[in-house]
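This is work24.cif (mmCIF, C-alpha atoms and all ligand atoms).
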data_work
#
loop_
_atom_site.group_PDB
_atom_site.id
_atom_site.type_symbol
_atom_site.label_atom_id
_atom_site.label_comp_id
_atom_site.auth_asym_id
_atom_site.auth_seq_id
_atom_site.Cartn_x
_atom_site.Cartn_y
_atom_site.Cartn_z
ATOM 1 C CA MET C 940 0.383 2.879 2.426
ATOM 2 C CA ALA C 941 3.036 5.100 1.191
ATOM 3 C CA GLU C 942 5.725 3.525 3.342
ATOM 4 C CA SER C 943 7.282 1.510 0.593
ATOM 5 C CA ALA C 944 8.185 2.081 -3.001
ATOM 6 C CA ARG C 945 6.336 -1.179 -3.647
ATOM 7 C CA ASN C 946 3.129 0.537 -2.690
ATOM 8 C CA GLU C 947 3.653 3.334 -5.135
ATOM 9 C CA THR C 948 2.651 0.910 -7.842
ATOM 10 C CA ASN C 949 -0.481 -0.224 -6.042
ATOM 11 C CA GLY C 950 -2.529 2.916 -6.390
ATOM 12 C CA GLU C 951 -5.719 2.869 -8.308
ATOM 13 C CA PHE C 952 -4.470 4.946 -11.164
ATOM 14 C CA ALA C 953 -2.028 2.353 -12.075
ATOM 15 C CA SER C 954 -5.341 1.486 -13.675
ATOM 16 C CA SER C 955 -5.664 4.766 -15.489
ATOM 17 C CA THR C 956 -2.547 4.335 -17.569
ATOM 18 C CA PRO C 957 -2.943 2.995 -21.075
ATOM 19 C CA GLN C 958 -2.470 -0.737 -21.191
ATOM 20 C CA GLU C 959 -0.918 -2.761 -23.907
ATOM 21 C CA SER C 960 -4.317 -3.047 -25.501
ATOM 22 C CA GLY C 961 -4.432 0.724 -25.733
ATOM 23 C CA GLU C 962 -7.450 0.830 -23.431
ATOM 24 C CA ARG C 963 -7.526 2.467 -20.023
ATOM 25 C CA ARG C 964 -8.479 0.313 -17.103
ATOM 26 C CA ARG C 965 -11.251 1.312 -14.859
ATOM 27 C CA PRO C 966 -10.159 3.381 -11.838
ATOM 28 C CA ALA C 967 -10.337 1.530 -8.552
ATOM 29 C CA LEU C 968 -9.852 2.471 -4.945
ATOM 30 C CA SER C 969 -6.746 1.263 -3.117
ATOM 31 C CA PRO C 970 -6.146 1.643 0.622
ATOM 32 C CA SER C 971 -3.252 4.043 0.088
ATOM 33 C CA ARG C 972 -5.174 6.358 -2.182
ATOM 34 C CA ALA C 973 -8.296 6.209 -0.002
ATOM 35 C CA SER C 974 -6.105 7.186 2.962
ATOM 36 C CA ASP C 975 -4.559 9.966 0.906
ATOM 37 C CA PHE C 976 -7.954 11.409 0.106
ATOM 38 C CA LYS C 977 -9.069 11.196 3.722
ATOM 39 C CA GLN C 978 -5.892 12.920 4.840
ATOM 40 C CA CYS C 979 -5.879 15.602 2.164
ATOM 41 C CA PRO C 980 -7.843 15.710 -1.112
ATOM 42 C CA LEU C 981 -5.082 17.764 -2.762
ATOM 43 C CA LEU C 982 -2.486 15.145 -1.832
ATOM 44 C CA TYR C 983 -4.719 12.568 -3.523
ATOM 45 C CA ARG C 984 -4.964 14.721 -6.628
ATOM 46 C CA PHE C 985 -1.203 15.213 -6.910
ATOM 47 C CA ARG C 986 -0.554 11.492 -6.480
ATOM 48 C CA ALA C 987 -3.449 9.845 -8.268
ATOM 49 C CA VAL C 988 -4.601 12.308 -10.899
ATOM 50 C CA ASP C 989 -1.573 14.482 -11.732
ATOM 51 C CA ARG C 990 0.711 11.549 -10.941
ATOM 52 C CA ILE C 991 3.546 13.864 -10.008
ATOM 53 C CA PRO C 992 6.660 11.786 -9.289
ATOM 54 C CA GLU C 993 7.799 11.807 -5.671
ATOM 55 C CA THR C 994 11.366 11.664 -4.512
ATOM 56 C CA PRO C 995 12.145 8.108 -3.453
ATOM 57 C CA THR C 996 13.650 7.661 -0.010
ATOM 58 C CA LYS C 997 15.948 5.109 1.516
ATOM 59 C CA ALA C 998 13.166 4.138 3.945
ATOM 60 C CA GLN C 999 10.776 3.367 1.081
ATOM 61 C CA ALA C 1000 13.405 1.364 -0.773
ATOM 62 C CA ARG C 1001 14.234 -0.502 2.448
ATOM 63 C CA GLY C 1002 10.553 -1.356 2.889
ATOM 64 C CA THR C 1003 10.406 -2.746 -0.634
ATOM 65 C CA VAL C 1004 13.537 -4.826 -0.201
ATOM 66 C CA VAL C 1005 12.445 -6.239 3.183
ATOM 67 C CA HIS C 1006 8.996 -7.149 1.832
ATOM 68 C CA SER C 1007 10.642 -8.813 -1.140
ATOM 69 C CA ALA C 1008 13.077 -10.771 1.058
ATOM 70 C CA LEU C 1009 10.191 -12.009 3.220
ATOM 71 C CA GLU C 1010 8.244 -13.033 0.145
ATOM 72 C CA ARG C 1011 11.280 -14.957 -1.136
ATOM 73 C CA LEU C 1012 11.752 -16.540 2.282
ATOM 74 C CA PHE C 1013 8.301 -18.103 2.104
ATOM 75 C CA ASP C 1014 9.074 -19.451 -1.371
ATOM 76 C CA LEU C 1015 11.696 -21.659 0.287
ATOM 77 C CA PRO C 1016 10.989 -24.957 2.049
ATOM 78 C CA ALA C 1017 10.050 -24.309 5.685
ATOM 79 C CA THR C 1018 13.252 -25.905 7.011
ATOM 80 C CA ARG C 1019 15.395 -23.315 5.194
ATOM 81 C CA ARG C 1020 13.585 -20.264 6.568
ATOM 82 C CA ASP C 1021 16.203 -19.157 9.064
ATOM 83 C CA ARG C 1022 17.857 -15.825 9.852
ATOM 84 C CA THR C 1023 20.983 -16.488 7.788
ATOM 85 C CA THR C 1024 19.025 -17.406 4.688
ATOM 86 C CA ALA C 1025 16.733 -14.403 5.131
ATOM 87 C CA ALA C 1026 19.743 -12.072 5.346
ATOM 88 C CA GLU C 1027 21.158 -13.599 2.173
ATOM 89 C CA LEU C 1028 17.963 -12.731 0.320
ATOM 90 C CA LEU C 1029 18.404 -8.989 0.823
ATOM 91 C CA THR C 1030 21.108 -8.354 -1.759
ATOM 92 C CA PRO C 1031 19.295 -10.176 -4.599
ATOM 93 C CA ALA C 1032 16.113 -8.308 -3.654
ATOM 94 C CA TRP C 1033 18.009 -5.007 -3.839
ATOM 95 C CA ARG C 1034 19.582 -5.915 -7.199
ATOM 96 C CA GLU C 1035 16.169 -6.718 -8.610
ATOM 97 C CA LEU C 1036 14.693 -3.467 -7.353
ATOM 98 C CA ARG C 1037 17.638 -1.474 -8.723
ATOM 99 C CA ALA C 1038 17.193 -3.155 -12.114
ATOM 100 C CA GLU C 1039 13.525 -2.101 -12.110
ATOM 101 C CA ARG C 1040 14.231 1.391 -10.824
ATOM 102 C CA PRO C 1041 17.824 2.370 -11.631
ATOM 103 C CA GLU C 1042 17.299 5.847 -10.144
ATOM 104 C CA LEU C 1043 17.248 4.294 -6.655
ATOM 105 C CA ALA C 1044 21.011 3.696 -6.913
ATOM 106 C CA GLU C 1045 21.371 7.472 -6.571
ATOM 107 C CA LEU C 1046 20.074 7.259 -3.008
ATOM 108 C CA PHE C 1047 23.539 6.129 -1.973
ATOM 109 C CA ALA C 1048 26.632 8.312 -2.183
ATOM 110 C CA ASP C 1049 28.991 5.333 -2.086
ATOM 111 C CA GLU C 1050 29.319 1.623 -1.433
ATOM 112 C CA HIS C 1051 29.720 2.217 2.303
ATOM 113 C CA GLU C 1052 26.334 3.973 2.502
ATOM 114 C CA LEU C 1053 24.727 1.131 0.581
ATOM 115 C CA THR C 1054 26.284 -1.433 2.915
ATOM 116 C CA GLU C 1055 25.013 0.471 5.947
ATOM 117 C CA TRP C 1056 21.551 0.640 4.442
ATOM 118 C CA LEU C 1057 21.499 -3.091 3.662
ATOM 119 C CA ALA C 1058 22.560 -3.695 7.264
ATOM 120 C CA SER C 1059 19.607 -1.620 8.468
ATOM 121 C CA ALA C 1060 17.318 -3.759 6.274
ATOM 122 C CA GLY C 1061 18.967 -6.810 7.845
ATOM 123 C CA ARG C 1062 18.079 -5.509 11.304
ATOM 124 C CA LEU C 1063 14.418 -5.319 10.280
ATOM 125 C CA LEU C 1064 14.578 -8.945 9.175
ATOM 126 C CA GLU C 1065 16.199 -9.825 12.501
ATOM 127 C CA SER C 1066 13.268 -8.143 14.214
ATOM 128 C CA TYR C 1067 10.880 -10.177 12.119
ATOM 129 C CA PHE C 1068 12.331 -13.371 13.555
ATOM 130 C CA GLU C 1069 11.709 -12.047 17.048
ATOM 131 C CA LEU C 1070 8.000 -11.822 16.221
ATOM 132 C CA GLU C 1071 7.347 -15.218 14.653
ATOM 133 C CA ASP C 1072 8.993 -18.383 13.388
ATOM 134 C CA PRO C 1073 8.431 -18.667 9.630
ATOM 135 C CA ARG C 1074 9.315 -22.370 9.740
ATOM 136 C CA ARG C 1075 6.012 -22.986 11.502
ATOM 137 C CA LEU C 1076 3.937 -21.270 8.821
ATOM 138 C CA GLU C 1077 2.754 -22.244 5.379
ATOM 139 C CA PRO C 1078 1.081 -19.134 3.929
ATOM 140 C CA GLU C 1079 -1.564 -19.512 1.298
ATOM 141 C CA ALA C 1080 -0.125 -16.507 -0.540
ATOM 142 C CA CYS C 1081 2.382 -13.675 -0.274
ATOM 143 C CA GLU C 1082 2.021 -10.327 -2.040
ATOM 144 C CA MET C 1083 -1.449 -11.375 -3.130
ATOM 145 C CA ARG C 1084 -3.200 -9.037 -5.549
ATOM 146 C CA VAL C 1085 -6.837 -8.671 -4.603
ATOM 147 C CA GLU C 1086 -9.686 -6.955 -6.368
ATOM 148 C CA THR C 1087 -13.404 -6.883 -5.860
ATOM 149 C CA GLU C 1088 -16.394 -4.772 -6.683
ATOM 150 C CA LEU C 1089 -18.792 -3.632 -4.000
ATOM 151 C CA GLU C 1090 -22.542 -3.717 -4.548
ATOM 152 C CA SER C 1091 -22.436 0.034 -5.032
ATOM 153 C CA GLY C 1092 -20.063 -0.508 -7.969
ATOM 154 C CA VAL C 1093 -16.893 0.739 -6.275
ATOM 155 C CA LEU C 1094 -13.928 -1.282 -7.462
ATOM 156 C CA LEU C 1095 -11.404 -2.088 -4.713
ATOM 157 C CA ARG C 1096 -7.871 -3.181 -5.476
ATOM 158 C CA GLY C 1097 -4.666 -3.791 -3.554
ATOM 159 C CA PHE C 1098 -1.945 -6.170 -2.437
ATOM 160 C CA ILE C 1099 -1.943 -8.202 0.784
ATOM 161 C CA ASP C 1100 1.513 -8.973 2.204
ATOM 162 C CA ARG C 1101 0.576 -12.446 3.396
ATOM 163 C CA VAL C 1102 -2.491 -14.637 3.761
ATOM 164 C CA ASP C 1103 -2.314 -17.461 6.315
ATOM 165 C CA VAL C 1104 -4.960 -20.165 6.503
ATOM 166 C CA ALA C 1105 -5.147 -22.311 9.643
ATOM 167 C CA PRO C 1106 -5.845 -26.064 9.354
ATOM 168 C CA THR C 1107 -9.303 -25.188 10.707
ATOM 169 C CA GLY C 1108 -9.811 -22.896 7.695
ATOM 170 C CA GLU C 1109 -9.577 -19.606 9.553
ATOM 171 C CA VAL C 1110 -7.933 -16.854 7.526
ATOM 172 C CA ARG C 1111 -5.393 -14.358 8.851
ATOM 173 C CA LEU C 1112 -4.163 -11.348 6.900
ATOM 174 C CA VAL C 1113 -0.639 -10.174 7.709
ATOM 175 C CA ASP C 1114 0.964 -6.843 6.950
ATOM 176 C CA TYR C 1115 4.620 -5.984 7.598
ATOM 177 C CA LYS C 1116 5.327 -2.405 8.612
ATOM 178 C CA THR C 1117 8.858 -1.230 8.002
ATOM 179 C CA GLY C 1118 8.379 2.518 7.891
ATOM 180 C CA SER C 1119 9.294 5.199 10.360
ATOM 181 C CA ALA C 1120 6.019 7.141 10.216
ATOM 182 C CA PRO C 1121 4.974 8.438 13.628
ATOM 183 C CA ARG C 1122 3.033 5.710 15.390
ATOM 184 C CA GLN C 1123 0.061 7.931 16.307
ATOM 185 C CA PHE C 1124 -0.541 8.647 12.598
ATOM 186 C CA GLY C 1125 0.538 5.276 11.284
ATOM 187 C CA GLU C 1126 -1.673 3.037 13.359
ATOM 188 C CA ASN C 1127 -5.063 4.320 12.229
ATOM 189 C CA LYS C 1128 -3.843 4.280 8.665
ATOM 190 C CA ALA C 1129 -2.612 0.713 9.042
ATOM 191 C CA LEU C 1130 -5.922 -0.463 10.517
ATOM 192 C CA PHE C 1131 -7.765 1.295 7.708
ATOM 193 C CA GLN C 1132 -5.631 -0.616 5.245
ATOM 194 C CA MET C 1133 -6.210 -3.941 6.959
ATOM 195 C CA LYS C 1134 -9.978 -3.432 7.155
ATOM 196 C CA PHE C 1135 -9.853 -2.614 3.461
ATOM 197 C CA TYR C 1136 -8.192 -5.950 2.709
ATOM 198 C CA ALA C 1137 -10.508 -7.816 5.058
ATOM 199 C CA LEU C 1138 -13.467 -6.355 3.201
ATOM 200 C CA VAL C 1139 -12.000 -7.189 -0.208
ATOM 201 C CA LEU C 1140 -11.331 -10.773 0.825
ATOM 202 C CA TRP C 1141 -14.738 -11.140 2.414
ATOM 203 C CA ARG C 1142 -16.542 -9.792 -0.622
ATOM 204 C CA ALA C 1143 -14.357 -11.617 -3.142
ATOM 205 C CA ARG C 1144 -14.292 -15.038 -1.484
ATOM 206 C CA GLY C 1145 -17.106 -14.917 1.007
ATOM 207 C CA GLU C 1146 -14.650 -15.532 3.879
ATOM 208 C CA MET C 1147 -14.445 -13.207 6.843
ATOM 209 C CA PRO C 1148 -10.775 -13.085 7.955
ATOM 210 C CA ARG C 1149 -10.459 -14.201 11.555
ATOM 211 C CA GLN C 1150 -7.549 -11.926 12.311
ATOM 212 C CA LEU C 1151 -5.679 -8.949 10.897
ATOM 213 C CA LEU C 1152 -2.058 -8.920 12.044
ATOM 214 C CA LEU C 1153 0.179 -5.874 11.738
ATOM 215 C CA MET C 1154 3.857 -6.577 12.335
ATOM 216 C CA TYR C 1155 5.865 -3.466 13.186
ATOM 217 C CA LEU C 1156 9.351 -4.691 12.447
ATOM 218 C CA ALA C 1157 11.233 -1.606 13.618
ATOM 219 C CA ASP C 1158 9.457 -1.724 16.981
ATOM 220 C CA ARG C 1159 9.414 -5.539 17.234
ATOM 221 C CA GLN C 1160 5.719 -5.370 18.023
ATOM 222 C CA SER C 1161 2.604 -6.925 16.552
ATOM 223 C CA LEU C 1162 -0.912 -5.638 16.632
ATOM 224 C CA ALA C 1163 -3.683 -8.193 16.161
ATOM 225 C CA TYR C 1164 -7.184 -7.188 15.352
ATOM 226 C CA THR C 1165 -10.371 -9.206 14.872
ATOM 227 C CA PRO C 1166 -12.869 -7.703 12.438
ATOM 228 C CA ASP C 1167 -16.578 -8.350 12.705
ATOM 229 C CA GLU C 1168 -19.268 -8.304 10.088
ATOM 230 C CA ALA C 1169 -21.104 -5.217 11.351
ATOM 231 C CA GLU C 1170 -17.871 -3.267 11.394
ATOM 232 C CA LEU C 1171 -16.902 -4.303 7.875
ATOM 233 C CA ARG C 1172 -20.370 -3.353 6.627
ATOM 234 C CA ARG C 1173 -19.902 0.096 8.160
ATOM 235 C CA PHE C 1174 -16.447 0.262 6.630
ATOM 236 C CA GLU C 1175 -17.939 -0.620 3.248
ATOM 237 C CA ARG C 1176 -20.267 2.375 3.526
ATOM 238 C CA THR C 1177 -17.290 4.546 4.449
ATOM 239 C CA LEU C 1178 -15.426 3.438 1.318
ATOM 240 C CA ASP C 1179 -18.508 4.123 -0.812
ATOM 241 C CA ALA C 1180 -18.689 7.615 0.623
ATOM 242 C CA ILE C 1181 -14.971 8.240 0.039
ATOM 243 C CA TRP C 1182 -15.238 7.093 -3.567
ATOM 244 C CA GLN C 1183 -18.283 9.275 -4.206
ATOM 245 C CA ALA C 1184 -16.403 12.244 -2.733
ATOM 246 C CA ILE C 1185 -13.397 11.449 -4.953
ATOM 247 C CA LEU C 1186 -15.632 11.311 -8.023
ATOM 248 C CA ARG C 1187 -17.244 14.653 -7.138
ATOM 249 C CA ALA C 1188 -13.843 16.272 -6.655
ATOM 250 C CA GLY C 1189 -12.553 14.580 -9.794
ATOM 251 C CA ARG C 1190 -15.315 16.021 -11.933
ATOM 252 C CA SER C 1191 -15.117 19.518 -10.491
ATOM 253 C CA GLY C 1192 -11.357 19.615 -9.982
ATOM 254 C CA ASP C 1193 -11.995 20.897 -6.456
ATOM 255 C CA PHE C 1194 -9.387 18.976 -4.430
ATOM 256 C CA ARG C 1195 -8.908 21.088 -1.333
ATOM 257 C CA PRO C 1196 -5.731 21.084 0.726
ATOM 258 C CA ASN C 1197 -6.191 19.898 4.290
ATOM 259 C CA PRO C 1198 -3.104 21.114 6.189
ATOM 260 C CA SER C 1199 -1.972 19.056 9.163
ATOM 261 C CA ARG C 1200 1.216 17.949 10.866
ATOM 262 C CA LEU C 1201 1.492 15.379 8.099
ATOM 263 C CA CYS C 1202 2.349 18.194 5.646
ATOM 264 C CA ASP C 1203 5.909 17.827 6.939
ATOM 265 C CA PHE C 1204 6.004 14.430 5.229
ATOM 266 C CA CYS C 1205 4.395 15.636 1.983
ATOM 267 C CA ASP C 1206 6.581 15.859 -1.109
ATOM 268 C CA PHE C 1207 4.161 18.313 -2.687
ATOM 269 C CA LYS C 1208 4.450 21.046 -0.067
ATOM 270 C CA PRO C 1209 6.216 23.442 -2.509
ATOM 271 C CA LEU C 1210 3.199 23.123 -4.868
ATOM 272 C CA CYS C 1211 0.598 23.438 -2.161
ATOM 273 C CA PRO C 1212 -1.473 26.628 -1.889
ATOM 274 C CA ALA C 1213 -1.839 26.016 1.859
ATOM 275 C CA HIS C 1214 1.904 26.579 2.116
ATOM 276 C CA GLY C 1215 2.277 29.466 -0.333
ATOM 277 C CA GLY C 1216 2.762 27.293 -3.437
ATOM 278 C CA THR C 1217 0.822 27.148 -6.688
ATOM 279 C CA ALA C 1218 -0.701 23.894 -7.877
ATOM 280 C CA PRO C 1219 -0.282 23.068 -11.588
ATOM 281 C CA PRO C 1220 -3.440 23.342 -13.737
ATOM 282 C CA TYR C 1221 -5.848 20.466 -13.087
ATOM 283 C CA PRO C 1222 -5.304 17.865 -15.805
ATOM 284 C CA GLY C 1223 -8.878 16.548 -15.576
ATOM 285 C CA TRP C 1224 -10.314 13.301 -14.308
ATOM 286 C CA PRO C 1225 -8.822 10.240 -16.024
ATOM 287 C CA GLU C 1226 -11.955 8.858 -17.661
ATOM 288 C CA PRO C 1227 -11.428 5.243 -18.709
ATOM 289 C CA GLN C 1228 -13.210 3.663 -21.633
ATOM 290 C CA ARG C 1229 -16.587 2.433 -20.552
ATOM 291 C CA GLU C 1230 -16.790 -1.239 -19.726
ATOM 292 C CA THR C 1231 -19.926 -3.066 -20.678
ATOM 293 C CA ALA C 1232 -20.251 -4.940 -17.388
ATOM 294 C CA THR C 1233 -19.579 -1.880 -15.265
ATOM 295 C CA PRO C 1234 -22.365 -0.841 -12.942
ATOM 296 C CA ALA C 1235 -23.184 2.808 -13.214
ATOM 297 C CA GLY C 1236 -21.035 5.144 -11.231
ATOM 298 C CA ALA C 1237 -18.137 2.800 -10.536
ATOM 299 C CA GLY C 1238 -15.499 3.335 -13.076
ATOM 300 C CA GLU C 1239 -16.168 6.832 -14.157
HETATM 301 S S1 LIG C 1301 1.346 19.953 1.971
HETATM 302 FE FE1 LIG C 1301 -0.314 19.288 3.320
HETATM 303 S S2 LIG C 1301 -2.142 20.369 2.617
HETATM 304 FE FE2 LIG C 1301 -0.594 20.493 0.994
HETATM 305 S S3 LIG C 1301 -1.004 18.765 -0.384
HETATM 306 FE FE3 LIG C 1301 0.522 18.077 1.085
HETATM 307 S S4 LIG C 1301 -0.690 17.141 2.744
HETATM 308 FE FE4 LIG C 1301 -2.088 18.407 1.558
#
Can you give me the file's structure in the form of structure tokens?
Ligand code: SF4
Amino acid sequence: MAESARNETNGEFASSTPQESGERRRPALSPSRASDFKQCPLLYRFRAVDRIPETPTKAQARGTVVHSALERLFDLPATRRDRTTAAELLTPAWRELRAERPELAELFADEHELTEWLASAGRLLESYFELEDPRRLEPEACEMRVETELESGVLLRGFIDRVDVAPTGEVRLVDYKTGSAPRQFGENKALFQMKFYALVLWRARGEMPRQLLLMYLADRQSLAYTPDEAELRRFERTLDAIWQAILRAGRSGDFRPNPSRLCDFCDFKPLCPAHGGTAPPYPGWPEPQRETATPAGAGE
């Protein structure tokens, strides 16, 4: 999802940039980019193909810092995972993010604004503690990178905030929501994302997650969802269809705008023909070098 700057690096065309080897990795589908395409093919093009930089926001940066603080919290022994320690993790998380992306410092006019913003991140962490007690949990992984290839050849890739495994072996996928996107739009998108991860985990490890848990920190609410096999099979077909549609649009360059109320949140509105703008010339589909083990149609 596009709610955090962290997620901006998770899109599939992180794979289309040249790697150190000089080769281009095979494009894959991530939940954020699949959602983008479903919402508006032109939005997908601007983000994933043109890769036009978007203006970072304080809310995105806050999401990144809160996710990072929670990840660091679970690196600590369970007995140390309290509110005070969590709050102390925010500043180092911000310093690390600012070192990676110095331009984010410009989000704040002065030290006072930065302090206020860190306090707002602290309130989200406070909310987290209202939802669960991290001292009672021992996650298998946080910020876990997952990747798998469907039978159809579609490559799926993304990051799961947290994977919990019960003593009985049941797996739960957890996602923290820190954004302020309208709930009616955000919830379907969040469930789409969680089904995506459930499918990746199921296909990669053969384990069907028992529960998908969305934690809305700003609202202090959790949404639990239990996937079933038939539903994930249907979802798999949906992802296949989305990827085929992306490939068709990618080859033809025909990424149509799909105006909606979400245009108000779109950074590309000034470039969008649906709003009187002019899109830049289509740069072409980022063809990676062919991989020998790649089933036909996947990484093209
Ligand atoms: S402004 Fe709306 S229609 Fe245009 S690219 Fe953005 S989301 Fe799509």
### Task
Could you jot down the CA of Pro1209 in chain C to CA of Trp1182 in chain C separation for me, Å, one decimal place?
27.0 Å
### Message
If I take CA of Phe1207 in chain C and CA of Trp1056 in chain C, how far is one from the other in Å, to one decimal?
### Response
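Between CA of Phe1207 in chain C and CA of Trp1056 in chain C the gap works out to 25.8 Å.
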Proximity check range 1128-1233 of chain C to range 1070-1087 of chain C, 10 Å, nearest pairs one decimal Å, all atoms listed in the file, as JSON lines:
{"residue": "C:Tyr1136", "atom": "CA", "partner": "C:Val1085", "partner_atom": "CA", "distance": 7.9}
{"residue": "C:Leu1138", "atom": "CA", "partner": "C:Thr1087", "partner_atom": "CA", "distance": 9.1}
{"residue": "C:Val1139", "atom": "CA", "partner": "C:Thr1087", "partner_atom": "CA", "distance": 5.8}
{"residue": "C:Leu1140", "atom": "CA", "partner": "C:Val1085", "partner_atom": "CA", "distance": 7.4}
{"residue": "C:Trp1141", "atom": "CA", "partner": "C:Thr1087", "partner_atom": "CA", "distance": 9.4}
{"residue": "C:Arg1142", "atom": "CA", "partner": "C:Thr1087", "partner_atom": "CA", "distance": 6.8}
{"residue": "C:Ala1143", "atom": "CA", "partner": "C:Thr1087", "partner_atom": "CA", "distance": 5.5}
{"residue": "C:Arg1144", "atom": "CA", "partner": "C:Thr1087", "partner_atom": "CA", "distance": 9.3}
{"residue": "C:Met1154", "atom": "CA", "partner": "C:Leu1070", "partner_atom": "CA", "distance": 7.7}
{"residue": "C:Tyr1155", "atom": "CA", "partner": "C:Leu1070", "partner_atom": "CA", "distance": 9.1}
{"residue": "C:Leu1156", "atom": "CA", "partner": "C:Leu1070", "partner_atom": "CA", "distance": 8.2}
{"residue": "C:Arg1159", "atom": "CA", "partner": "C:Leu1070", "partner_atom": "CA", "distance": 6.5}
{"residue": "C:Gln1160", "atom": "CA", "partner": "C:Leu1070", "partner_atom": "CA", "distance": 7.1}
{"residue": "C:Ser1161", "atom": "CA", "partner": "C:Leu1070", "partner_atom": "CA", "distance": 7.3}
### Query
If we count all atoms listed in the file, what is near range 995-998 of chain C at a cut-off of 7 Å, once residues fewer than 4 positions away on the same chain are taken out, given as a PyMOL selection string?
chain C and resi 1002+1046+1118
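The residue set within 7 Å of range 1019-1034 of chain C, counting only C-alpha atoms and dropping same-chain residues fewer than 3 places from it, reads C:Val1004, C:Val1005, C:Ser1007, C:Ala1008, C:Leu1012, C:Leu1015, C:Pro1016, C:Arg1037, C:Ala1038, C:Gly1061, C:Glu1065, C:Pro1073, C:Arg1074.
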For the selection you just gave me, I'd like the residues written to a file as a PDB file, in the frame of the given file, keeping C-alpha atoms.
ATOM      1  CA  VAL C1004      13.537  -4.826  -0.201  1.00  0.00           C
ATOM      2  CA  VAL C1005      12.445  -6.239   3.183  1.00  0.00           C
ATOM      3  CA  SER C1007      10.642  -8.813  -1.140  1.00  0.00           C
ATOM      4  CA  ALA C1008      13.077 -10.771   1.058  1.00  0.00           C
ATOM      5  CA  LEU C1012      11.752 -16.540   2.282  1.00  0.00           C
ATOM      6  CA  LEU C1015      11.696 -21.659   0.287  1.00  0.00           C
ATOM      7  CA  PRO C1016      10.989 -24.957   2.049  1.00  0.00           C
ATOM      8  CA  ARG C1037      17.638  -1.474  -8.723  1.00  0.00           C
ATOM      9  CA  ALA C1038      17.193  -3.155 -12.114  1.00  0.00           C
ATOM     10  CA  GLY C1061      18.967  -6.810   7.845  1.00  0.00           C
ATOM     11  CA  GLU C1065      16.199  -9.825  12.501  1.00  0.00           C
ATOM     12  CA  PRO C1073       8.431 -18.667   9.630  1.00  0.00           C
ATOM     13  CA  ARG C1074       9.315 -22.370   9.740  1.00  0.00           C
TER      14      ARG C1074
END
### Task
Would you please work out which residue, of C:Phe1135, C:Phe1098, C:Trp1224, C:Phe1204, is nearest to ligand LIG 1301 (chain C) when using only C-alpha atoms and all ligand atoms?
C:Phe1204
### Env. residues ligand LIG 1301 (chain C) / 12 Å / all atoms listed in the file / as JSON, numbers by chain
{"C": [974, 975, 976, 977, 978, 979, 980, 981, 982, 983, 984, 985, 986, 991, 993, 1194, 1195, 1196, 1197, 1198, 1199, 1200, 1201, 1202, 1203, 1204, 1205, 1206, 1207, 1208, 1209, 1210, 1211, 1212, 1213, 1214, 1215, 1216, 1217, 1218]}
### Query
Of the residues C:Val1113, C:Ala967, C:Leu1009, C:Leu1162, which is the one nearest to Phe1068 in chain C, using only C-alpha atoms?
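Checking each of C:Val1113, C:Ala967, C:Leu1009, C:Leu1162 against Phe1068 in chain C, counting only C-alpha atoms, the winner is C:Leu1009.
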### Query
At what distance in Å, to one decimal, does CA of Leu1112 in chain C lie from CA of Asp1014 in chain C?
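Rounded to one decimal, the two atoms are 17.6 Å apart.
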## Note on the structure
Ile1181 in chain C proximity check over C:Thr1107, C:Ser969, C:Ser1059, C:Asn1127, using only C-alpha atoms: winner is C:Ser969
### Query
Which is closer to Leu968 in chain C than all the others in C:Leu1064, C:Ala987, C:Ala1048, C:Val1102, using only C-alpha atoms?
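For Leu968 in chain C, the nearest of the candidates is C:Ala987.
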### Query
Between C:Leu1171, C:Ala1058, C:Leu1178, C:Ala1044, which has the minimum distance to Ala1137 in chain C (counting all atoms listed in the file)?
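Of C:Leu1171, C:Ala1058, C:Leu1178, C:Ala1044, the one nearest Ala1137 in chain C is C:Leu1171, counting all atoms listed in the file.
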## Note on the structure
Using only C-alpha atoms, the shortest atom-to-atom distance to Tyr1221 in chain C among C:Arg1111, C:Arg990, C:Glu1010, C:Glu1035 belongs to C:Arg990
#### Entry: Point (-17.2, -3.6, -3.5), cut-off 8 Å, counting all atoms listed in the file, residues as number ranges by chain
C: 1087-1095, 1139, 1142, 1175
### Task
Counting all atoms listed in the file, select every polymer residue within 10 Å of (-3.9, 1.4, 7.5) as defined in the file's coordinates, and provide the selection as a ChimeraX atom specification.
/C:940,970-971,973-974,1114,1124-1136,1153
Show me, as lines of an AutoDock Vina configuration file, the centre and edge lengths in Å to one decimal of the axis-aligned box that covers every listed atom of range 1183-1186 of chain C with 5 Å on each side.
center_x = -15.8
center_y = 10.8
center_z = -5.4
size_x = 14.9
size_y = 13.0
size_z = 15.3
